[in-house]
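Text of my_file_29.txt (compact mmCIF, C-alpha atoms) as supplied:
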# COMPACT_ATOMS: atom_id res chain seq x y z
CA MET K 169 179.70 143.13 111.63
CA VAL K 170 182.66 144.97 110.13
CA SER K 171 182.59 148.76 110.42
CA LYS K 172 183.34 151.31 107.68
CA ASN K 173 186.55 152.29 109.46
CA GLN K 174 187.66 148.65 109.60
CA ILE K 175 186.90 148.20 105.90
CA LYS K 176 188.89 151.34 105.12
CA LEU K 177 191.84 150.17 107.24
CA ILE K 178 191.97 146.65 105.80
CA SER K 179 191.46 147.88 102.23
CA GLY K 180 194.41 150.20 102.77
CA LEU K 181 196.58 147.25 103.80
CA HIS K 182 196.49 146.04 100.19
CA GLN K 183 199.10 148.79 99.63
CA LYS K 184 202.65 148.66 100.96
CA LYS K 185 202.54 152.33 101.98
CA GLN K 186 199.59 151.71 104.30
CA ARG K 187 201.07 148.48 105.66
CA SER K 188 204.21 150.39 106.60
CA ALA K 189 202.26 153.33 108.07
CA ASN K 190 200.05 151.10 110.23
CA GLN K 191 202.60 148.32 110.80
CA LEU K 192 199.88 145.82 109.97
CA PHE K 193 199.24 143.17 107.32
CA PHE K 194 196.52 140.61 106.71
CA ALA K 195 196.27 136.93 105.88
CA GLU K 196 193.42 134.88 104.46
CA GLY K 197 192.51 131.21 104.79
CA VAL K 198 192.28 128.84 107.72
CA LYS K 199 195.70 127.19 107.24
CA VAL K 200 197.72 130.39 106.92
CA ILE K 201 195.91 132.07 109.81
CA GLN K 202 196.36 129.04 112.06
CA GLU K 203 200.09 128.98 111.29
CA LEU K 204 200.36 132.67 112.16
CA LEU K 205 198.35 132.26 115.36
CA GLN K 206 200.69 129.47 116.48
CA SER K 207 203.77 131.61 115.83
CA ASN K 208 205.20 134.78 117.37
CA PHE K 209 203.06 137.01 115.13
CA GLU K 210 200.63 139.10 117.16
CA LEU K 211 196.98 139.07 116.12
CA GLU K 212 195.26 142.44 115.78
CA HIS K 213 191.83 141.12 114.79
CA LEU K 214 190.17 138.13 113.16
CA TYR K 215 187.13 138.26 110.86
CA THR K 216 185.37 135.00 110.05
CA THR K 217 182.14 133.85 108.44
CA LEU K 218 182.10 130.72 110.59
CA ASN K 219 181.88 130.28 114.33
CA ASP K 220 185.42 128.91 114.49
CA PHE K 221 188.82 129.87 115.96
CA GLU K 222 187.43 129.40 119.46
CA SER K 223 190.93 129.76 120.93
CA VAL K 224 190.97 133.42 119.86
CA GLN K 225 189.54 135.70 122.54
CA ILE K 226 186.12 137.12 121.71
CA SER K 227 187.33 140.74 121.82
CA LYS K 228 189.63 139.98 118.87
CA ARG K 229 187.16 137.94 116.83
CA THR K 230 184.26 139.25 114.74
CA LEU K 231 181.65 137.11 112.99
CA ILE K 232 180.87 138.58 109.55
CA ASN K 233 178.90 137.51 106.49
CA GLU K 234 180.23 136.63 103.02
CA GLN K 235 179.36 140.04 101.57
CA GLU K 236 181.35 141.80 104.27
CA LEU K 237 184.29 139.45 103.68
CA LYS K 238 184.27 140.31 99.96
CA LYS K 239 184.66 144.00 100.84
CA ILE K 240 187.95 143.38 102.66
CA SER K 241 189.36 140.34 100.84
CA ALA K 242 192.17 140.47 98.27
CA LEU K 243 190.93 137.23 96.69
CA SER K 244 188.57 136.99 93.73
CA THR K 245 186.91 134.11 95.58
CA PRO K 246 187.24 134.90 99.28
CA ASN K 247 187.93 132.18 101.80
CA THR K 248 185.99 131.99 105.08
CA CYS K 249 188.28 134.16 107.18
CA LEU K 250 190.70 137.08 107.20
CA ALA K 251 193.02 138.10 110.03
CA VAL K 252 195.00 141.28 110.60
CA PHE K 253 198.40 140.88 112.27
CA LYS K 254 201.05 143.28 113.51
CA ILE K 255 204.25 143.44 111.46
CA PRO K 256 207.02 142.24 113.78
CA ALA K 257 210.39 143.89 114.23
CA GLU K 258 212.97 142.56 111.79
CA ASN K 259 215.21 139.87 113.29
CA PRO K 260 219.04 139.96 113.11
CA ILE K 261 220.49 138.38 109.97
CA ILE K 262 221.55 134.74 110.26
CA ASP K 263 224.99 134.97 108.64
CA SER K 264 225.97 131.29 108.51
CA GLY K 265 224.90 128.23 106.55
CA LEU K 266 223.18 128.68 103.21
CA ILE K 267 221.70 132.12 102.60
CA LEU K 268 219.38 132.84 99.68
CA ALA K 269 219.60 136.36 98.25
CA LEU K 270 216.93 137.71 95.90
CA ASP K 271 217.89 140.39 93.40
CA ASP K 272 214.73 142.29 92.41
CA ILE K 273 212.11 139.51 92.53
CA ARG K 274 208.85 141.24 91.60
CA ASP K 275 206.16 138.55 91.38
CA PRO K 276 204.36 137.93 94.72
CA GLY K 277 203.63 134.31 93.83
CA ASN K 278 207.30 133.65 93.11
CA LEU K 279 208.43 135.16 96.41
CA GLY K 280 205.82 133.22 98.38
CA THR K 281 206.81 129.97 96.67
CA ILE K 282 210.51 130.67 97.25
CA MET K 283 209.81 131.17 100.96
CA ARG K 284 208.02 127.79 101.04
CA LEU K 285 211.02 126.20 99.32
CA CYS K 286 213.41 127.69 101.87
CA ASP K 287 211.21 126.35 104.64
CA TRP K 288 211.22 122.90 102.98
CA PHE K 289 214.99 122.78 102.46
CA GLY K 290 215.86 124.27 105.83
CA ILE K 291 217.18 127.61 104.56
CA LYS K 292 216.73 129.94 107.50
CA GLN K 293 217.73 133.28 105.97
CA ILE K 294 216.55 135.13 102.86
CA ILE K 295 218.13 138.47 101.93
CA CYS K 296 215.95 140.63 99.67
CA SER K 297 217.09 143.62 97.68
CA LYS K 298 215.06 146.72 98.44
CA GLU K 299 213.39 146.41 95.01
CA THR K 300 212.03 142.93 95.78
CA VAL K 301 208.29 142.64 96.43
CA ASP K 302 207.18 143.11 100.05
CA ILE K 303 206.76 139.84 101.99
CA TYR K 304 203.60 141.26 103.60
CA ASN K 305 201.92 141.75 100.23
CA PRO K 306 198.66 139.73 100.59
CA LYS K 307 199.53 137.54 97.59
CA VAL K 308 202.95 136.74 99.05
CA VAL K 309 201.47 135.86 102.44
CA GLN K 310 198.92 133.62 100.73
CA ALA K 311 201.56 131.86 98.61
CA THR K 312 203.80 131.09 101.60
CA MET K 313 201.08 128.85 103.10
CA GLY K 314 202.45 129.59 106.57
CA SER K 315 206.18 129.44 105.80
CA ILE K 316 206.35 133.18 106.49
CA THR K 317 206.41 132.21 110.17
CA ARG K 318 209.55 130.04 109.86
CA VAL K 319 211.92 131.84 107.47
CA ASN K 320 213.87 134.96 108.43
CA VAL K 321 213.61 137.64 105.71
CA SER K 322 215.68 140.84 105.64
CA TYR K 323 215.49 143.76 103.20
CA LEU K 324 218.68 145.71 102.60
CA ASP K 325 221.09 147.05 100.02
CA LEU K 326 222.23 143.80 98.42
CA LYS K 327 225.44 145.26 96.98
CA THR K 328 226.55 146.51 100.40
CA PHE K 329 225.71 143.19 102.03
CA LEU K 330 227.73 141.22 99.48
CA SER K 331 230.70 143.59 99.76
CA GLN K 332 230.94 142.80 103.48
CA THR K 333 230.51 139.01 103.44
CA LYS K 334 233.31 136.45 103.58
CA LEU K 335 231.08 133.69 102.23
CA PRO K 336 231.38 132.46 98.63
CA VAL K 337 228.68 133.94 96.40
CA PHE K 338 226.96 131.73 93.81
CA GLY K 339 224.80 132.98 90.96
CA THR K 340 222.85 131.20 88.23
CA PHE K 341 223.69 132.00 84.59
CA MET K 342 223.26 130.30 81.22
CA ASP K 343 227.06 130.09 80.82
CA GLY K 344 227.90 128.87 84.31
CA GLU K 345 229.41 125.59 85.49
CA ASN K 346 227.03 122.62 85.42
CA ILE K 347 225.43 122.56 88.88
CA TYR K 348 225.31 118.75 88.82
CA GLN K 349 229.11 118.64 88.46
CA SER K 350 229.95 121.47 90.87
CA ASN K 351 231.46 121.29 94.33
CA LEU K 352 228.78 123.07 96.37
CA PRO K 353 229.65 124.24 99.91
CA GLN K 354 227.27 124.28 102.84
CA ASN K 355 228.14 127.83 103.83
CA ALA K 356 227.42 130.16 100.92
CA ILE K 357 225.19 132.86 99.49
CA ILE K 358 223.02 131.90 96.52
CA ILE K 359 221.77 134.74 94.31
CA MET K 360 218.55 134.40 92.32
CA GLY K 361 217.73 137.18 89.86
CA ASN K 362 214.79 139.09 88.47
CA GLU K 363 212.14 137.18 86.50
CA GLY K 364 212.81 138.97 83.22
CA ASN K 365 216.35 140.32 83.47
CA GLY K 366 218.14 137.85 85.72
CA ILE K 367 220.89 138.99 88.07
CA SER K 368 221.70 142.69 87.70
CA ALA K 369 225.08 143.78 86.28
CA GLU K 370 226.30 145.33 89.54
CA ILE K 371 225.48 142.19 91.54
CA GLU K 372 226.97 139.94 88.84
CA LYS K 373 230.36 141.58 89.42
CA MET K 374 230.30 140.38 93.05
CA ILE K 375 229.60 136.73 92.30
CA THR K 376 232.50 134.35 92.88
CA SER K 377 231.02 131.20 91.30
CA ARG K 378 228.78 131.01 88.24
CA ILE K 379 226.57 127.93 88.00
CA THR K 380 223.92 126.79 85.54
CA ILE K 381 221.08 124.29 85.41
CA PRO K 382 221.73 122.51 82.09
CA ARG K 383 219.01 122.00 79.52
CA PHE K 384 218.39 118.36 78.58
CA GLY K 385 215.74 118.89 75.91
CA ASP K 386 216.65 117.84 72.35
CA LEU K 387 215.79 121.19 70.77
CA GLN K 388 217.42 123.36 73.48
CA LYS K 389 214.95 126.18 72.76
CA THR K 390 213.64 126.91 76.25
CA GLU K 391 215.17 130.26 77.18
CA SER K 392 214.89 130.08 80.94
CA LEU K 393 213.21 128.53 83.97
CA ASN K 394 210.73 130.26 86.23
CA VAL K 395 212.78 131.69 89.13
CA ALA K 396 210.89 129.66 91.76
CA SER K 397 211.42 126.44 89.77
CA ALA K 398 215.11 127.26 89.37
CA THR K 399 215.39 127.97 93.10
CA ALA K 400 213.94 124.54 93.89
CA ILE K 401 216.57 122.80 91.74
CA VAL K 402 219.46 124.89 93.08
CA LEU K 403 218.52 124.40 96.74
CA SER K 404 217.99 120.69 96.18
CA GLU K 405 221.49 120.32 94.71
CA PHE K 406 223.15 122.31 97.49
CA LYS K 407 221.38 120.17 100.09
CA ARG K 408 222.12 116.90 98.22
CA ASN K 409 225.82 117.73 98.49
CA SER K 410 225.66 118.26 102.24
Represent the structure of the file as structure tokens.
Amino acid sequence: MVSKNQIKLISGLHQKKQRSANQLFFAEGVKVIQELLQSNFELEHLYTTLNDFESVQISKRTLINEQELKKISALSTPNTCLAVFKIPAENPIIDSGLILALDDIRDPGNLGTIMRLCDWFGIKQIICSKETVDIYNPKVVQATMGSITRVNVSYLDLKTFLSQTKLPVFGTFMDGENIYQSNLPQNAIIIMGNEGNGISAEIEKMITSRITIPRFGDLQKTESLNVASATAIVLSEFKRNS
């Protein structure tokens, strides 16, 4: 059974302010929870409607019913389990290789998908502007499908970070050089911009190489690609040139 205090705590974790205050976040679904349990993330408590997760000690596991799960879930159709984890201390920035920097990405699904892409392509470091959605947002955690455990994410002032780096800085624009004809290095920072506005003007000034994903459609009327889709293409090309 889940208590009123537990419901209040977990419900509060839907909000960034409460996640920061309690240094806790939650994940839902067997796959994501298993990935987190097998990583360095520390479990606070697990709630499940099934008699599973036998490897988790009994004192940290509570069997609940579907109605109780609905009260704490962030999903319209709850899964069978929800687990609360402690937010770990931020790791030092990995300042070599390919680094992906996100300038004001707001959609949780996009950020989660981008983290999965970085995991897939072996990108170890993501730099997020302070305006970018929180990686511990429940929808972000869900969308990462466990990749949150394998990609290092840091939040900082992006302009300051770029002013201090010696790496080349690439950004995607409609008027950039064709990415399929570009010489792409294996040590660089790649900037991806906001879903609606693209890369901000102040960050654009700090970019050393402008690249574009060309349109091949006959009508040439598609205005832009979804930022996660664009990230997949850009990372693929950088890795193909390695």
Which of K:Ala311, K:Val321, K:Leu231, K:Ile401 sits closest to Leu270 (chain K) [using only C-alpha atoms]
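Residue with the minimum atom-to-atom distance to Leu270 (chain K): K:Val321.
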Just the residues within 8 Å of Cys286 (chain K), please, counting all atoms listed in the file, with nothing from its chain fewer than 4 positions along; format it as a ChimeraX atom specification.
/K:282,290-292,319,403
Those selected residues, please, written with C-alpha atoms and delivered as a PDB file, in the frame of the given file.
ATOM      1  CA  ILE K 282     210.510 130.670  97.250  1.00  0.00           C
ATOM      2  CA  GLY K 290     215.860 124.270 105.830  1.00  0.00           C
ATOM      3  CA  ILE K 291     217.180 127.610 104.560  1.00  0.00           C
ATOM      4  CA  LYS K 292     216.730 129.940 107.500  1.00  0.00           C
ATOM      5  CA  VAL K 319     211.920 131.840 107.470  1.00  0.00           C
ATOM      6  CA  LEU K 403     218.520 124.400  96.740  1.00  0.00           C
TER       7      LEU K 403
END
What lies within 6 Å of region 346-352 of chain K using all atoms listed in the file, ignoring chain neighbours under 4 positions off, as a list in words?
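Near region 346-352 of chain K, the qualifying residues are Ile379, Thr380, Ile381 and Phe406 of chain K.
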Contacts of Val301 (chain K) at 7 Å (only C-alpha atoms; same-chain gap of 5+ positions) as a list in words
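The filter keeps Ile273, Arg274, Asp275 and Pro276 of chain K.
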So that I have them on file, write out the residues from the current selection with C-alpha atoms, as a tab-separated table (two decimals), in the frame of the given file.
chain	number	residue	atom	x	y	z
K	273	ILE	CA	212.11	139.51	92.53
K	274	ARG	CA	208.85	141.24	91.60
K	275	ASP	CA	206.16	138.55	91.38
K	276	PRO	CA	204.36	137.93	94.72
How many Å lie between CA of Lys185 (chain K) and CA of Thr399 (chain K), rounded to one decimal?
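CA of Lys185 (chain K) sits 28.9 Å away from CA of Thr399 (chain K).
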Region 227-243 of chain K, all listed atoms, 8 Å padding on each side: what axis-aligned box centre and edge lengths in Å to one decimal come out, as AutoDock Vina command-line options?
--center_x 185.5 --center_y 140.3 --center_z 109.3 --size_x 29.3 --size_y 23.4 --size_z 41.1
Of K:Leu204, K:Leu192, K:Ile359, K:Leu237, the one sitting nearest Ala257 (chain K) when using all atoms listed in the file is K:Leu192
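If you measure from each of K:Ala251, K:Val198, K:Ala400, K:Leu335 to Glu210 (chain K) using all atoms listed in the file, the closest one turns out to be K:Ala251.
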Using all atoms listed in the file, what residues lie at most 7 Å away from (192.9, 138.0, 115.2) (file coordinates), given as a list in words?
Leu211, Glu212, His213, Leu214, Val224, Lys228, Arg229, Ala251, Val252 and Phe253 of chain K
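Going from CA of Ile295 (chain K) over to CA of Gln202 (chain K), you cover 25.8 Å.
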